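Student: Handing over query.pdb, PDB, C-alpha atoms.
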ATOM      1  CA  LEU A   1       0.000   0.000   0.000
ATOM      2  CA  ASN A   2       1.241   3.468  -0.850
ATOM      3  CA  ASP A   3      -0.807   6.433   0.362
ATOM      4  CA  ALA A   4       0.521   9.991   0.138
ATOM      5  CA  GLN A   5      -0.808  13.287   1.447
ATOM      6  CA  VAL A   6      -0.011  16.224  -0.831
ATOM      7  CA  PHE A   7      -1.095  19.827  -1.349
ATOM      8  CA  PRO A   8      -2.496  21.334  -4.547
ATOM      9  CA  ALA A   9       0.134  23.261  -6.538
ATOM     10  CA  ASP A  10       0.296  25.557  -9.555
ATOM     11  CA  GLY A  11       2.302  25.038 -12.728
ATOM     12  CA  ASP A  12       5.481  26.251 -11.010
ATOM     13  CA  GLY A  13       5.094  23.752  -8.160
ATOM     14  CA  GLN A  14       4.026  26.391  -5.623
ATOM     15  CA  GLN A  15       1.502  25.293  -3.007
ATOM     16  CA  THR A  16      -1.951  26.830  -3.570
ATOM     17  CA  SER A  17      -3.904  25.451  -0.590
ATOM     18  CA  SER A  18      -3.329  24.344   2.999
ATOM     19  CA  THR A  19      -5.862  21.520   2.695
ATOM     20  CA  PRO A  20      -4.049  18.249   1.954
ATOM     21  CA  LEU A  21      -5.177  15.689  -0.596
ATOM     22  CA  GLN A  22      -4.695  11.940  -0.166
ATOM     23  CA  ILE A  23      -3.556   9.966  -3.205
ATOM     24  CA  SER A  24      -3.329   6.185  -3.329
ATOM     25  CA  ASP A  25      -0.596   4.883  -5.632
ATOM     26  CA  ASN A  26      -0.811   1.134  -5.085
ATOM     27  CA  ALA A  27       0.862  -1.178  -7.560
ATOM     28  CA  GLY A  28       1.986  -4.782  -7.786
ATOM     29  CA  LEU A  29       4.207  -6.592 -10.254
ATOM     30  CA  ARG A  30       4.933 -10.237 -10.921
ATOM     31  CA  GLY A  31       7.693 -11.303 -13.264
ATOM     32  CA  LYS A  32       8.503 -14.546 -15.056
ATOM     33  CA  LEU A  33      11.876 -15.417 -16.559
ATOM     34  CA  TRP A  34      13.055 -18.591 -18.203
ATOM     35  CA  GLY A  35      15.987 -19.564 -20.350
ATOM     36  CA  VAL A  36      17.684 -22.512 -22.006
ATOM     37  CA  TYR A  37      21.189 -22.886 -23.393
ATOM     38  CA  VAL A  38      23.556 -25.334 -25.051
ATOM     39  CA  GLN A  39      27.345 -25.133 -24.898
ATOM     40  CA  ASP A  40      30.243 -27.224 -26.135
ATOM     41  CA  GLU A  41      34.029 -27.249 -26.154
ATOM     42  CA  TRP A  42      36.153 -28.253 -29.144
ATOM     43  CA  LYS A  43      39.914 -28.793 -29.423
ATOM     44  CA  PRO A  44      40.827 -28.836 -33.131
ATOM     45  CA  VAL A  45      44.507 -29.037 -32.138
ATOM     46  CA  LYS A  46      46.209 -29.567 -28.776
ATOM     47  CA  SER A  47      47.102 -25.890 -28.329
ATOM     48  CA  LEU A  48      43.704 -24.448 -29.279
ATOM     49  CA  THR A  49      40.444 -24.639 -27.303
ATOM     50  CA  VAL A  50      37.177 -23.301 -28.748
ATOM     51  CA  ASN A  51      34.014 -22.766 -26.695
ATOM     52  CA  TYR A  52      30.710 -22.033 -28.422
ATOM     53  CA  GLY A  53      27.088 -21.966 -27.434
ATOM     54  CA  LEU A  54      23.621 -20.560 -27.891
ATOM     55  CA  ARG A  55      21.157 -19.292 -25.287
ATOM     56  CA  TYR A  56      17.479 -18.304 -25.425
ATOM     57  CA  ASP A  57      15.833 -16.108 -22.778
ATOM     58  CA  SER A  58      12.265 -14.911 -22.325
ATOM     59  CA  VAL A  59      10.993 -12.451 -19.705
ATOM     60  CA  ASN A  60       7.526 -11.174 -18.861
ATOM     61  CA  THR A  61       7.309  -8.290 -16.363
ATOM     62  CA  VAL A  62       6.085  -4.851 -17.452
ATOM     63  CA  SER A  63       6.637  -6.063 -21.023
ATOM     64  CA  GLN A  64       7.281  -9.371 -22.743
ATOM     65  CA  GLU A  65      10.682  -9.741 -24.421
ATOM     66  CA  SER A  66      13.002 -12.488 -25.639
ATOM     67  CA  GLN A  67      16.335 -12.984 -27.390
ATOM     68  CA  TRP A  68      18.613 -15.615 -28.937
ATOM     69  CA  SER A  69      22.182 -15.072 -27.710
ATOM     70  CA  PRO A  70      25.139 -16.774 -29.434
ATOM     71  CA  ARG A  71      28.635 -16.852 -27.955
ATOM     72  CA  LEU A  72      32.055 -17.932 -29.213
ATOM     73  CA  GLY A  73      35.459 -17.932 -27.504
ATOM     74  CA  ALA A  74      38.931 -19.322 -28.165
ATOM     75  CA  VAL A  75      42.118 -19.820 -26.128
ATOM     76  CA  TRP A  76      45.382 -20.441 -28.005
ATOM     77  CA  ASP A  77      48.593 -21.562 -26.316
ATOM     78  CA  VAL A  78      50.997 -19.971 -28.776
ATOM     79  CA  SER A  79      53.997 -21.226 -26.818
ATOM     80  CA  PRO A  80      54.698 -22.582 -23.328
ATOM     81  CA  THR A  81      54.972 -18.963 -22.112
ATOM     82  CA  LEU A  82      52.320 -17.159 -24.198
ATOM     83  CA  ARG A  83      48.538 -17.659 -24.123
ATOM     84  CA  VAL A  84      46.123 -15.602 -26.258
ATOM     85  CA  HIS A  85      42.330 -15.474 -25.935
ATOM     86  CA  ALA A  86      39.452 -13.778 -27.754
ATOM     87  CA  GLY A  87      35.694 -14.024 -27.620
ATOM     88  CA  TYR A  88      32.295 -12.635 -28.503
ATOM     89  CA  ALA A  89      29.009 -12.943 -26.615
ATOM     90  CA  ARG A  90      25.520 -11.565 -27.041
ATOM     91  CA  TYR A  91      23.820 -10.724 -23.725
ATOM     92  CA  PHE A  92      20.213 -10.239 -22.665
ATOM     93  CA  THR A  93      19.664  -8.693 -19.217
ATOM     94  CA  PRO A  94      16.075  -8.349 -17.951
ATOM     95  CA  PRO A  95      15.349  -5.400 -15.639
ATOM     96  CA  PRO A  96      15.414  -6.216 -11.890
ATOM     97  CA  THR A  97      11.757  -6.693 -10.944
ATOM     98  CA  GLU A  98      12.230  -5.289  -7.421
ATOM     99  CA  LYS A  99      13.601  -2.018  -8.854
ATOM    100  CA  ILE A 100      10.946  -1.353 -11.502
ATOM    101  CA  ASP A 101       9.107   1.802 -10.418
ATOM    102  CA  SER A 102       5.466   1.664 -11.545
ATOM    103  CA  THR A 103       4.538   5.083 -10.118
ATOM    104  CA  SER A 104       1.469   6.717 -11.685
ATOM    105  CA  VAL A 105       2.836  10.036 -12.953
ATOM    106  CA  ALA A 106      -0.602  11.436 -13.817
ATOM    107  CA  ALA A 107      -1.950  10.905 -10.284
ATOM    108  CA  PHE A 108       0.421  13.514  -8.846
ATOM    109  CA  GLN A 109       0.105  16.196 -11.517
ATOM    110  CA  GLY A 110      -0.921  19.545 -10.068
ATOM    111  CA  THR A 111       0.298  18.679  -6.551
ATOM    112  CA  THR A 112       3.384  19.375  -4.448
ATOM    113  CA  ASN A 113       4.536  15.816  -5.190
ATOM    114  CA  ALA A 114       4.482  16.229  -8.961
ATOM    115  CA  LEU A 115       7.360  14.424 -10.627
ATOM    116  CA  PRO A 116      10.055  16.263 -12.635
ATOM    117  CA  SER A 117       8.828  14.885 -15.974
ATOM    118  CA  ASP A 118       5.486  13.488 -17.129
ATOM    119  CA  ALA A 119       6.981  10.695 -19.266
ATOM    120  CA  ASN A 120       7.087   7.160 -17.872
ATOM    121  CA  THR A 121       8.019   4.508 -20.423
ATOM    122  CA  SER A 122       8.327   0.935 -19.115
ATOM    123  CA  VAL A 123      11.828  -0.329 -18.357
ATOM    124  CA  LYS A 124      13.268  -2.599 -21.063
ATOM    125  CA  SER A 125      15.714  -5.497 -21.099
ATOM    126  CA  GLU A 126      19.291  -4.610 -21.944
ATOM    127  CA  ARG A 127      20.767  -6.098 -25.141
ATOM    128  CA  SER A 128      24.499  -5.963 -25.769
ATOM    129  CA  ASN A 129      27.323  -7.275 -27.928
ATOM    130  CA  TYR A 130      30.475  -7.969 -25.933
ATOM    131  CA  TYR A 131      33.930  -8.373 -27.495
ATOM    132  CA  ASP A 132      37.034  -9.354 -25.543
ATOM    133  CA  ALA A 133      40.663 -10.152 -26.397
ATOM    134  CA  GLY A 134      43.844 -10.470 -24.392
ATOM    135  CA  LEU A 135      47.019 -12.336 -23.624
ATOM    136  CA  ALA A 136      49.100 -13.669 -20.747
ATOM    137  CA  PHE A 137      52.894 -13.843 -21.015
ATOM    138  CA  GLN A 138      55.099 -15.701 -18.557
ATOM    139  CA  VAL A 139      58.290 -13.648 -18.579
ATOM    140  CA  SER A 140      59.999 -15.997 -16.125
ATOM    141  CA  PRO A 141      58.929 -18.766 -13.744
ATOM    142  CA  GLN A 142      58.208 -16.008 -11.187
ATOM    143  CA  LEU A 143      56.759 -13.163 -13.297
ATOM    144  CA  THR A 144      53.569 -13.166 -15.400
ATOM    145  CA  LEU A 145      52.208 -10.183 -17.350
ATOM    146  CA  SER A 146      48.701  -9.976 -18.803
ATOM    147  CA  ALA A 147      46.569  -7.560 -20.800
ATOM    148  CA  ASP A 148      42.874  -7.676 -21.654
ATOM    149  CA  GLY A 149      40.790  -5.316 -23.788
ATOM    150  CA  TYR A 150      36.999  -5.258 -24.031
ATOM    151  CA  TYR A 151      34.227  -3.423 -25.864
ATOM    152  CA  ARG A 152      30.457  -3.451 -25.264
ATOM    153  CA  ASP A 153      27.932  -2.034 -27.697
ATOM    154  CA  VAL A 154      24.628  -1.726 -25.833
ATOM    155  CA  ARG A 155      20.989  -1.021 -26.682
ATOM    156  CA  HIS A 156      18.595  -0.125 -23.850
ATOM    157  CA  LEU A 157      21.526   0.180 -21.447
ATOM    158  CA  GLN A 158      20.228  -0.439 -17.928
ATOM    159  CA  ASP A 159      21.160   1.767 -15.018
ATOM    160  CA  GLU A 160      19.696   2.496 -11.627
ATOM    161  CA  GLY A 161      19.656   5.508  -9.367
ATOM    162  CA  GLN A 162      18.406   7.031  -6.144
ATOM    163  CA  PHE A 163      15.861   9.697  -7.034
ATOM    164  CA  GLY A 164      13.991  12.049  -4.742
ATOM    165  CA  ASN A 165      13.814  11.794  -0.973
ATOM    166  CA  ALA A 166      13.356   8.016  -0.754
ATOM    167  CA  LEU A 167      16.869   6.605  -1.150
ATOM    168  CA  ILE A 168      15.858   3.375  -2.863
ATOM    169  CA  TYR A 169      17.045   2.363  -6.301
ATOM    170  CA  SER A 170      14.877   2.716  -9.397
ATOM    171  CA  ALA A 171      15.793   1.195 -12.762
ATOM    172  CA  PHE A 172      15.806   3.058 -16.069
ATOM    173  CA  ASN A 173      17.298   2.717 -19.573
ATOM    174  CA  TYR A 174      19.512   4.732 -21.838
ATOM    175  CA  ALA A 175      18.815   4.174 -25.532
ATOM    176  CA  GLN A 176      22.485   3.505 -26.379
ATOM    177  CA  GLY A 177      25.664   2.733 -24.499
ATOM    178  CA  ARG A 178      29.337   2.271 -25.309
ATOM    179  CA  ILE A 179      31.674   0.737 -22.744
ATOM    180  CA  TYR A 180      35.268  -0.193 -23.435
ATOM    181  CA  GLY A 181      38.543  -0.446 -21.579
ATOM    182  CA  LEU A 182      41.883  -2.083 -20.958
ATOM    183  CA  ASP A 183      43.079  -4.099 -17.948
ATOM    184  CA  LEU A 184      46.786  -4.655 -17.288
ATOM    185  CA  ALA A 185      48.222  -6.937 -14.600
ATOM    186  CA  ALA A 186      51.582  -8.162 -13.311
ATOM    187  CA  ASN A 187      52.075 -10.994 -10.807
ATOM    188  CA  TYR A 188      55.322 -12.107  -9.180
ATOM    189  CA  LYS A 189      55.682 -15.144  -6.912
ATOM    190  CA  ASP A 190      58.854 -16.514  -5.374
ATOM    191  CA  LYS A 191      59.526 -18.880  -2.479
ATOM    192  CA  ARG A 192      59.279 -16.270   0.275
ATOM    193  CA  TRP A 193      57.397 -13.356  -1.230
ATOM    194  CA  SER A 194      54.825 -12.393  -3.817
ATOM    195  CA  ALA A 195      53.645  -9.132  -5.361
ATOM    196  CA  TYR A 196      51.030  -7.889  -7.781
ATOM    197  CA  ALA A 197      50.019  -4.737  -9.655
ATOM    198  CA  ASN A 198      46.826  -4.008 -11.603
ATOM    199  CA  LEU A 199      45.787  -1.076 -13.777
ATOM    200  CA  GLY A 200      42.330  -0.545 -15.262
ATOM    201  CA  LEU A 201      41.325   2.052 -17.856
ATOM    202  CA  THR A 202      37.626   2.365 -18.689
ATOM    203  CA  HIS A 203      35.305   4.511 -20.782
ATOM    204  CA  ALA A 204      31.559   4.198 -20.178
ATOM    205  CA  ARG A 205      29.088   6.540 -21.874
ATOM    206  CA  ALA A 206      25.436   6.543 -22.858
ATOM    207  CA  ARG A 207      22.865   8.796 -24.453
ATOM    208  CA  GLN A 208      19.099   9.456 -24.375
ATOM    209  CA  VAL A 209      17.070   8.389 -21.345
ATOM    210  CA  GLU A 210      14.294   6.281 -22.884
ATOM    211  CA  THR A 211      12.527   4.862 -19.801
ATOM    212  CA  GLY A 212      11.810   6.124 -16.286
ATOM    213  CA  GLN A 213      11.997   9.705 -17.542
ATOM    214  CA  PHE A 214       9.815  10.976 -14.685
ATOM    215  CA  ASN A 215      12.840  10.724 -12.383
ATOM    216  CA  PHE A 216      14.742  13.434 -14.278
ATOM    217  CA  GLU A 217      14.464  17.193 -14.608
ATOM    218  CA  GLN A 218      13.634  18.324 -18.143
ATOM    219  CA  ASP A 219      16.927  20.180 -18.683
ATOM    220  CA  GLU A 220      18.866  17.031 -17.782
ATOM    221  CA  LEU A 221      16.724  14.926 -20.131
ATOM    222  CA  ASP A 222      17.344  17.402 -22.957
ATOM    223  CA  TYR A 223      21.102  17.384 -22.375
ATOM    224  CA  ILE A 224      21.373  13.576 -22.263
ATOM    225  CA  ALA A 225      19.260  13.315 -25.427
ATOM    226  CA  SER A 226      21.882  15.249 -27.438
ATOM    227  CA  HIS A 227      25.143  14.306 -25.645
ATOM    228  CA  TRP A 228      27.048  11.153 -24.805
ATOM    229  CA  VAL A 229      27.265  11.356 -21.012
ATOM    230  CA  HIS A 230      29.545   9.494 -18.604
ATOM    231  CA  LEU A 231      27.868   6.788 -16.530
ATOM    232  CA  ASP A 232      27.856   7.536 -12.813
ATOM    233  CA  HIS A 233      29.943   4.447 -12.009
ATOM    234  CA  GLU A 234      32.670   5.268 -14.546
ATOM    235  CA  GLN A 235      36.088   5.727 -12.943
ATOM    236  CA  LYS A 236      38.528   6.299 -15.779
ATOM    237  CA  LEU A 237      41.592   5.029 -13.946
ATOM    238  CA  SER A 238      41.782   2.400 -11.193
ATOM    239  CA  ALA A 239      44.944   0.791  -9.838
ATOM    240  CA  SER A 240      46.021  -1.562  -7.085
ATOM    241  CA  ALA A 241      49.305  -3.038  -5.917
ATOM    242  CA  GLY A 242      50.508  -5.136  -3.025
ATOM    243  CA  PHE A 243      53.052  -7.558  -1.666
ATOM    244  CA  ASN A 244      53.364 -10.312   0.936
ATOM    245  CA  MET A 245      56.630 -11.519   2.468
ATOM    246  CA  GLN A 246      57.199 -14.698   4.471
ATOM    247  CA  LEU A 247      59.561 -14.169   7.420
ATOM    248  CA  ASP A 248      61.172 -16.593   9.841
ATOM    249  CA  GLN A 249      59.328 -18.359  12.682
ATOM    250  CA  GLY A 250      55.978 -18.338  10.838
ATOM    251  CA  TYR A 251      55.637 -14.567  10.548
ATOM    252  CA  ALA A 252      54.511 -12.761   7.384
ATOM    253  CA  VAL A 253      53.941  -9.097   6.526
ATOM    254  CA  GLY A 254      52.025  -7.532   3.691
ATOM    255  CA  ALA A 255      50.700  -4.250   2.353
ATOM    256  CA  SER A 256      48.460  -3.072  -0.462
ATOM    257  CA  ALA A 257      47.423   0.230  -2.025
ATOM    258  CA  LEU A 258      44.316   1.268  -3.962
ATOM    259  CA  PHE A 259      43.996   4.268  -6.306
ATOM    260  CA  GLY A 260      40.924   5.708  -8.001
ATOM    261  CA  SER A 261      40.639   8.752 -10.258
ATOM    262  CA  GLY A 262      37.169   9.563  -8.860
ATOM    263  CA  LEU A 263      33.578   8.736  -9.831
ATOM    264  CA  ARG A 264      31.375  11.118 -11.808
ATOM    265  CA  ASN A 265      29.344  13.977 -10.300
ATOM    266  CA  ASP A 266      27.620  17.305 -11.044
ATOM    267  CA  PHE A 267      25.013  18.049 -13.741
ATOM    268  CA  ALA A 268      24.671  15.084 -16.155
ATOM    269  CA  ASN A 269      27.937  13.607 -14.798
ATOM    270  CA  THR A 270      30.012  16.304 -16.503
ATOM    271  CA  ARG A 271      32.637  16.366 -13.710
ATOM    272  CA  HIS A 272      34.308  13.865 -11.416
ATOM    273  CA  LEU A 273      35.313  13.748  -7.763
ATOM    274  CA  PRO A 274      38.974  14.098  -6.680
ATOM    275  CA  ALA A 275      41.325  11.141  -6.969
ATOM    276  CA  TYR A 276      42.122   9.124  -3.837
ATOM    277  CA  THR A 277      44.684   6.615  -2.598
ATOM    278  CA  THR A 278      44.450   4.313   0.408
ATOM    279  CA  VAL A 279      47.010   1.973   1.948
ATOM    280  CA  ASN A 280      46.328  -1.240   3.894
ATOM    281  CA  ALA A 281      48.784  -3.336   5.918
ATOM    282  CA  ASP A 282      48.799  -6.641   7.784
ATOM    283  CA  ILE A 283      51.003  -8.938   9.821
ATOM    284  CA  SER A 284      50.313 -12.609  10.468
ATOM    285  CA  LYS A 285      51.735 -15.461  12.520
ATOM    286  CA  THR A 286      51.237 -19.173  11.855
ATOM    287  CA  PHE A 287      51.589 -21.465  14.827
ATOM    288  CA  ALA A 288      50.654 -25.017  15.798
ATOM    289  CA  ILE A 289      48.131 -25.999  18.473
ATOM    290  CA  GLY A 290      48.916 -29.587  19.384
ATOM    291  CA  GLU A 291      47.174 -32.102  17.155
ATOM    292  CA  ALA A 292      44.897 -29.393  15.726
ATOM    293  CA  GLY A 293      47.634 -28.418  13.299
ATOM    294  CA  PRO A 294      48.609 -24.951  12.047
ATOM    295  CA  VAL A 295      46.465 -21.903  12.841
ATOM    296  CA  GLN A 296      47.047 -18.441  11.370
ATOM    297  CA  ALA A 297      46.415 -15.236  13.340
ATOM    298  CA  ARG A 298      46.281 -12.034  11.288
ATOM    299  CA  LEU A 299      46.168  -8.375  12.297
ATOM    300  CA  SER A 300      45.018  -6.094   9.457
ATOM    301  CA  VAL A 301      44.709  -2.326   9.268
ATOM    302  CA  VAL A 302      42.419  -0.945   6.547
ATOM    303  CA  ASN A 303      43.099   2.630   5.367
ATOM    304  CA  LEU A 304      46.285   2.783   7.435
ATOM    305  CA  PHE A 305      46.682   6.577   7.198
ATOM    306  CA  ASP A 306      42.960   7.232   7.780
ATOM    307  CA  ARG A 307      42.528   8.971   4.443
ATOM    308  CA  GLN A 308      39.110  10.694   4.222
ATOM    309  CA  TYR A 309      37.572  10.714   0.744
ATOM    310  CA  GLN A 310      34.205  10.775  -0.973
ATOM    311  CA  LEU A 311      32.956   8.145  -3.375
ATOM    312  CA  ARG A 312      29.796  10.195  -4.100
ATOM    313  CA  ASP A 313      28.838  13.747  -3.208
ATOM    314  CA  GLY A 314      25.080  13.451  -3.796
ATOM    315  CA  SER A 315      25.150  14.937  -7.296
ATOM    316  CA  GLY A 316      25.186  13.330 -10.721
ATOM    317  CA  ILE A 317      22.728  11.168 -12.626
ATOM    318  CA  GLY A 318      20.712   9.067 -10.193
ATOM    319  CA  VAL A 319      22.932   9.865  -7.199
ATOM    320  CA  GLY A 320      20.745  11.008  -4.328
ATOM    321  CA  ALA A 321      23.079  10.859  -1.326
ATOM    322  CA  PRO A 322      26.790  11.287  -0.500
ATOM    323  CA  GLN A 323      28.940   8.246   0.226
ATOM    324  CA  PHE A 324      32.360   8.062   1.841
ATOM    325  CA  GLY A 325      35.171   5.565   1.708
ATOM    326  CA  GLU A 326      35.929   3.381   4.728
ATOM    327  CA  ARG A 327      37.901   5.079   7.513
ATOM    328  CA  ARG A 328      40.749   3.384   9.365
ATOM    329  CA  GLY A 329      39.750  -0.013  10.720
ATOM    330  CA  VAL A 330      41.622  -2.681  12.676
ATOM    331  CA  GLN A 331      40.673  -6.336  12.255
ATOM    332  CA  LEU A 332      41.932  -9.482  13.982
ATOM    333  CA  SER A 333      41.219 -12.878  12.440
ATOM    334  CA  LEU A 334      42.030 -16.541  13.084
ATOM    335  CA  THR A 335      42.162 -19.052  10.227
ATOM    336  CA  LYS A 336      42.264 -22.828  10.415
ATOM    337  CA  ASP A 337      42.403 -25.015   7.299
ATOM    338  CA  PHE A 338      40.721 -28.424   7.399
TER
END
Translate this structure into structure tokens?
Tutor:
Amino acid sequence: LNDAQVFPADGDGQQTSSTPLQISDNAGLRGKLWGVYVQDEWKPVKSLTVNYGLRYDSVNTVSQESQWSPRLGAVWDVSPTLRVHAGYARYFTPPPTEKIDSTSVAAFQGTTNALPSDANTSVKSERSNYYDAGLAFQVSPQLTLSADGYYRDVRHLQDEGQFGNALIYSAFNYAQGRIYGLDLAANYKDKRWSAYANLGLTHARARQVETGQFNFEQDELDYIASHWVHLDHEQKLSASAGFNMQLDQGYAVGASALFGSGLRNDFANTRHLPAYTTVNADISKTFAIGEAGPVQARLSVVNLFDRQYQLRDGSGIGVGAPQFGERRGVQLSLTKDF
């Protein structure tokens, strides 16, 4: 049940009476989803593995939709130290039923609870073509380098946001989306220590809000209709690195660092928040407890230097509240393998 008390308002949203009106906006939704797929693996030669398949999905929520989705991937061991992979997949992603907002826009027209826009097209399933290619090169028995590039061409790109005063997520669609990026990684492992480093570059943009338009102000709708805008979860540059070293008498120490260039904010995601870096550290001790065998005790410190930073500032497309990164935290854990 959803009952709201509102006041009459003029065309500018200004209250015109002190006598409240009660509006019932009850709605229910039941969704059905089913799918079937076939998949196989083929090795035409010892060094080449090919995976291929076909999937069919059908969904019936606010609309009835379906799609055939083929997929094809290959992994080629070029040499004992070089592996190359590539693939293509078609995806069909139904909207999350619990986040479909079936609000009656017309019921609140002319009241203080009138929505920003009077358009309310039903949320659609996302359909995308995904391409991926990469390689892994073993430089030495200890060091491995890898690179992976991807590209997604999307129709009815799904997103979700927190709109208005109720900080719950509502789903909506962009008409088109383009998402691509590059992931680089290095891993080193020796007898007593290991280390890693990762770097991610991403570009995620979309245009034209085609469903759930009532959540947006008209000027924002107009801008997104004629511009490719950054998605709110796009962070152009992300990086991480860390190491772990085994010491004598069962001790080990480790540390890691995370870097982010900042998520999007401001009108239509035209700006981004400041970059941030956090450092974590830990020390552990492995010891034996009689016949119980080895037990590991670990002391970890998250955000060692207590860096304060924002992930969200409450602005941007579908961002209704500020969010902050985790402050310094100390954790003690015991681990026993069986």
Student: So, counting all atoms listed in the file, which residue among A:Thr144, A:Gln213, A:Asn60, A:Gln5 is closest to Leu82 (chain A)?
Tutor: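 For Leu82 (chain A), the nearest of the given residues is A:Thr144.
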Student: What would the selection look like, as a VMD selection string, if the PyMOL selection byres ((chain A and resi 195) around 9) were run on the coordinates I just shared?
Tutor: chain A and resid 186 to 189 193 to 194 196 to 197 241 to 245
Student: Give me, please, the distance in Å between CA of Gly161 (chain A) and CA of Leu201 (chain A), quoted to one decimal.
Tutor: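 Straight-line distance from CA of Gly161 (chain A) to CA of Leu201 (chain A) works out to 23.5 Å.
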Student: Find the axis-aligned box for region 74-84 of chain A, covering all its listed atoms and adding 5 Å on each side, and write its centre and edge lengths in Å to one decimal as lines of an AutoDock Vina configuration file.
Tutor:
center_x = 47.0
center_y = -19.1
center_z = -25.4
size_x = 26.0
size_y = 17.0
size_z = 16.7
Student: Restricting the calculation to only C-alpha atoms, which member of A:Gln15, A:Ser333, A:Thr93, A:Asn215 is positioned closest to Gly110 (chain A)?
Tutor: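 That would be A:Gln15, the residue with the smallest distance to Gly110 (chain A).
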Student: From the list A:Leu299, A:Leu184, A:Leu72, A:Val50, which residue is nearest Ala147 (chain A) when using all atoms listed in the file?
Tutor: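 Checking each of A:Leu299, A:Leu184, A:Leu72, A:Val50 against Ala147 (chain A), counting all atoms listed in the file, the winner is A:Leu184.
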Student: For region 206-212 of chain A, work out the shell of residues within 6 Å, counting only C-alpha atoms and skipping chain neighbours fewer than 2 positions away, then give it as a list of chain:residue names.
Tutor: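 The residues satisfying every condition are A:Asn120, A:Thr121, A:Ser122, A:Val123, A:Phe172, A:Asn173, A:Tyr174, A:Ala175, A:Gln176, A:Gly177, A:Phe214, A:Ile224, A:Ala225, A:Trp228, A:Val229.
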Student: Enter the distance from CA of Gly325 (chain A) to CA of Ser261 (chain A), in Å, rounded to one decimal.
Tutor: 13.5 Å
Student: Set the distance at 7 Å and use only C-alpha atoms: which residues neighbour region 61-65 of chain A once local chain neighbours fewer than 6 positions away are removed? I'd like the list as an NGL selection string.
Tutor: :A and (30-32 or 122)
Student: Could those residues be written to a file, using C-alpha atoms, as a PDB file, in the frame of the given file?
Tutor:
ATOM      1  CA  ARG A  30       4.933 -10.237 -10.921  1.00  0.00           C
ATOM      2  CA  GLY A  31       7.693 -11.303 -13.264  1.00  0.00           C
ATOM      3  CA  LYS A  32       8.503 -14.546 -15.056  1.00  0.00           C
ATOM      4  CA  SER A 122       8.327   0.935 -19.115  1.00  0.00           C
TER       5      SER A 122
END
Student: Taking the file as shown, what set of residues would the PyMOL selection byres ((chain A and resi 310) around 7) give back, as JSON, numbers by chain?
Tutor: {"A": [309, 311, 312, 313, 323, 324, 325]}
Student: With distances taken over all atoms listed in the file, which residue among A:Tyr52, A:Phe163, A:Phe338, A:Phe259 lies nearest Gly87 (chain A)?
Tutor: A:Tyr52
Student: In the coordinates of the file, take the point (16.0, -14.9, -24.9) and a cut-off of 9 Å; then, counting all atoms listed in the file, name each qualifying protein, DNA or RNA residue as an mmCIF file with C-alpha atoms, in the coordinates of the input.
Tutor:
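Writing the result to result03.cif gives the following:
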data_model
loop_
_atom_site.group_PDB
_atom_site.id
_atom_site.type_symbol
_atom_site.label_atom_id
_atom_site.label_comp_id
_atom_site.auth_asym_id
_atom_site.auth_seq_id
_atom_site.Cartn_x
_atom_site.Cartn_y
_atom_site.Cartn_z
ATOM 1 C CA TRP A 34 13.055 -18.591 -18.203
ATOM 2 C CA GLY A 35 15.987 -19.564 -20.350
ATOM 3 C CA VAL A 36 17.684 -22.512 -22.006
ATOM 4 C CA ARG A 55 21.157 -19.292 -25.287
ATOM 5 C CA TYR A 56 17.479 -18.304 -25.425
ATOM 6 C CA ASP A 57 15.833 -16.108 -22.778
ATOM 7 C CA SER A 58 12.265 -14.911 -22.325
ATOM 8 C CA VAL A 59 10.993 -12.451 -19.705
ATOM 9 C CA GLU A 65 10.682 -9.741 -24.421
ATOM 10 C CA SER A 66 13.002 -12.488 -25.639
ATOM 11 C CA GLN A 67 16.335 -12.984 -27.390
ATOM 12 C CA TRP A 68 18.613 -15.615 -28.937
ATOM 13 C CA SER A 69 22.182 -15.072 -27.710
ATOM 14 C CA TYR A 91 23.820 -10.724 -23.725
ATOM 15 C CA PHE A 92 20.213 -10.239 -22.665
#
Student: When you draw a straight line from CA of Asp183 (chain A) to CA of Pro141 (chain A), how long is it in Å?
Tutor: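 Going from CA of Asp183 (chain A) over to CA of Pro141 (chain A) covers 22.0 Å.
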Student: Using all atoms listed in the file, pick whichever of A:Pro80, A:Pro96, A:Pro274, A:Gly181 has the shortest atom-to-atom distance to Ser140 (chain A).
Tutor: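 Smallest distance to Ser140 (chain A) is found for A:Pro80.
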Student: Given the choices A:Gln39, A:Thr112, A:Ser47, A:Thr97, which gets closest to Ala9 (chain A) if the distance is worked out from all atoms listed in the file?
Tutor: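 Nearest candidate to Ala9 (chain A) out of A:Gln39, A:Thr112, A:Ser47, A:Thr97: A:Thr112.
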